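Some notes on the structure that comes next.
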Number of protein chains: 2
Amino acid sequence: MSKAAKIPAPTIKRLAYYSRPLEELLDSGPPVISSEGLATLCGVQPAQVRKDLAYFGEFGVRGVGYNVRELLQEIKRILATDRRVPLCIVGVGNLGTSLIENENFKKRGYIFEAAFDSDPEKQGQKLSCGLIIEPNSRIKAVCQTKKIEIGVIATPPHVAQRVCRRLLNAGVRGILNFSPIQVRTTAEVQAENVDFTVKLENLAYHLHRLDASGE
Amino acid sequence: MSKAAKIPAPTIKRLAYYSRPLEELLDSGPPVISSEGLATLCGVQPAQVRKDLAYFGEFGVRGVGYNVRELLQEIKRILATDRRVPLCIVGVGNLGTSLIENENFKKRGYIFEAAFDSDPEKQGQKLSCGLIIEPNSRIKAVCQTKKIEIGVIATPPHVAQRVCRRLLNAGVRGILNFSPIQVRTTAEVQAENVDFTVKLENLAYHLHRLDASGE
DNA sequence: GCCTGTGAATCCATTCACAGCT
DNA sequence: AGCTGTGAATGGATTCACAGGC
């Protein structure tokens, strides 16, 4: 049943997590893995693994388990990672540079094909990957000709919303926002926000909680 | 009722989100805000805001709303952000550098007080913030004398687990992991994982889904 | 016997709707 | 009158437990 049923959002996220250990098992491990095996590798329950996968089809063999290679392929197909996804980045500071050089992006087909920065000093510079930094005013033209699908925002917060509008205007289909504000998008364009400080605040809360209960 | 009740994890995350617009309102906006006002600023339901806050006390005034300054203070107290939290970082590449220079961390009291890297070339170098990069072998000694509470992992994946063990051994209370593997910790030490590619895979799934249903 | 796939049961979080305070 | 605080109702997601197939 590959019917477009309602898939829980957490399921999608977990599929990505499942794929990590599967990639390692591919060369070094056994060719088959049980839901229990994969579950412990990812820190979830076995039943969760089975239910998640069952939303998309019957990938396993009863009494045996899941074929690692096939399963990985299926997951990649579901997540649409079995193809090249062109990205652009706006804001080539330290964070931007680390994203551009990130091996995991490349390995999974997420390729930066354009880089923009509002700093005239940086414009024209050539990056290690061969890209040349262009001014933000070129966002629309470049994204359209290069058919950029996802725009990554790595700018300071005060320009993030403006950059976001430019990207939407340029026709990107998704936004990955690293600035600490919530950017607004249209209904068709999904935005994912990555706010590091939220994670730190979570940690701070929990370790303080332990202190409070402990003494 | 500031009783240590069971607080839902999503509530903690949202508290951090609430604090962002409150900080801006502090100087520029009105001194009081309703649950509805805050809700629309954060993209959640008004009832959600009220319930989240009510877990920790009665901060509002019926018929009026919440005092912006007081509410922000309370949230900071709850999240234990009203204090200085010493961090260390392991892995001073592009990502590590961008984290160290991140203004939002500093602004919220998260201060890097030690930096480690396994690359001998980098060891001894002085960073813009004044820190000197030390070898990973010094993690335990330095973290203990500087009372580091949270360790940030910004290394390549294959060393992440080893670094994590060192940090645990050095007595950190929390781990913020930027490498794409799930690090294992002890029960008392919470780990937060930030995996950028998971976010991209989410986006890829959704935009592909739209394609599939559209044509 | 073993492990998947899945309805049923449980658990958890969100939303509703209104009582209670100012 | 207006808006918070909160039990009750709803809606989702996880877990259980077992039927079904290797």
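Chains: A, B, ... in order of the structure tokens. Residues: from 1 per chain. Ligands: from 1, in order shown.
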> DT14 (chain D): which residues within 12 Å, counting only C-alpha atoms (C1' of nucleotides), same-chain residues fewer than 2 positions away excluded, as a PyMOL selection string?
Replying inline: (chain A and resi 8+10-11+44-52) or (chain C and resi 9-12) or (chain D and resi 12+16)
For Pro135 (chain A), find every residue with an atom within 12 Å (counting only C-alpha atoms (C1' of nucleotides)), except residues of its own chain fewer than 3 positions away, and show them as a PyMOL selection string. chain A and resi 89-92+114-125+132+138-142+163
**Request:** Find the residue from B:Val61, B:Ala9, B:Ile175, B:Val32 that sits nearest to DC21 (chain C); use only C-alpha atoms (C1' of nucleotides) when measuring.
**Result:**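 That would be B:Val61, the residue with the smallest distance to DC21 (chain C).
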Next item on the list: Would you mind writing down, as an MDAnalysis selection string, each residue of chain A that DSSP on the backbone assigns to helix (DSSP H, G or I)?
Entry: chainID A and resid 9:28 35:42 46:54 68:78 94:101 103:107 136:146 157:169 196:214
Select all residues from chain B having any atom no more than 7 Å from an atom of chain D (counting only C-alpha atoms (C1' of nucleotides), ignoring ligands), output as a ChimeraX atom specification. /B:54,60-65
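For chain C, the residues close to chain A, meaning within 7 Å and counting only C-alpha atoms (C1' of nucleotides), are C:DC2, C:DC3, C:DT4, C:DG5.
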Would you save the residues of that selection, restricted to N, CA and C atoms (P, O5', C5', C4', C3', O3' and C1' of nucleotides), as a short mmCIF file (atom, residue, chain, number, x, y, z; two decimals), in the first residue's frame?
data_model
loop_
_atom_site.label_atom_id
_atom_site.label_comp_id
_atom_site.auth_asym_id
_atom_site.auth_seq_id
_atom_site.Cartn_x
_atom_site.Cartn_y
_atom_site.Cartn_z
P DC C 2 13.39 -19.16 18.86
"O5'" DC C 2 13.22 -18.20 17.60
"C5'" DC C 2 13.89 -18.48 16.37
"C4'" DC C 2 13.45 -17.44 15.36
"C3'" DC C 2 13.28 -16.05 15.97
"O3'" DC C 2 13.98 -15.12 15.19
"C1'" DC C 2 11.32 -16.69 14.78
P DC C 3 14.31 -13.68 15.73
"O5'" DC C 3 13.40 -12.82 14.76
"C5'" DC C 3 13.61 -12.88 13.37
"C4'" DC C 3 12.44 -12.22 12.71
"C3'" DC C 3 12.12 -10.84 13.28
"O3'" DC C 3 11.86 -9.97 12.20
"C1'" DC C 3 10.21 -12.16 13.30
P DT C 4 11.56 -8.42 12.41
"O5'" DT C 4 10.38 -8.20 11.39
"C5'" DT C 4 10.51 -8.68 10.06
"C4'" DT C 4 9.13 -8.90 9.46
"C3'" DT C 4 8.29 -7.63 9.30
"O3'" DT C 4 7.72 -7.61 8.00
"C1'" DT C 4 7.12 -9.24 10.61
P DG C 5 7.09 -6.23 7.42
"O5'" DG C 5 5.58 -6.36 7.89
"C5'" DG C 5 4.74 -7.28 7.23
"C4'" DG C 5 3.35 -7.23 7.81
"C3'" DG C 5 2.72 -5.83 7.82
"O3'" DG C 5 1.34 -6.02 7.46
"C1'" DG C 5 2.74 -6.70 10.01
#
Next item on the list: In Å, rounded to a single decimal, give me how far CA of Pro180 (chain A) is from CA of Leu127 (chain A).
Entry: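 Taking CA of Leu127 (chain A) as the start and CA of Pro180 (chain A) as the end point, the length is 25.6 Å.
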Where does DSSP see strand (DSSP E) in region 43-108 of chain A, if you list the residues as a PyMOL selection string? chain A and resi 60-61+65-67+85-90
Check: For Cys88 (chain B), which residue out of B:Gln182, B:Gln161, B:Ser128, B:Asn136 is the nearest one, using only C-alpha atoms?
Finding: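 Looking at the shortest contact to Cys88 (chain B), the residue is B:Asn136.
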Return the neighbours of chain A among the residues of chain B, cut-off 8 Å, counting only C-alpha atoms, as a PyMOL selection string.
chain B and resi 12-13+16-17+20+42+78-81+85+93-95+97-99+104-105+173-176+181-182+189-192+194+196-208
One decimal place gives the CA of Arg165 (chain B)-CA of Gly151 (chain B) separation as 10.9 Å
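Here C1' of DC16 (chain C) is placed at a distance of 19.1 Å from CA of Leu38 (chain B).
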*Neighbours of Leu25 (chain A) within 12 Å (only C-alpha atoms (C1' of nucleotides); same-chain residues fewer than 4 positions away dropped), as a PyMOL selection string?*
chain A and resi 18-21+29-33+37-38+41+67-69+71-72
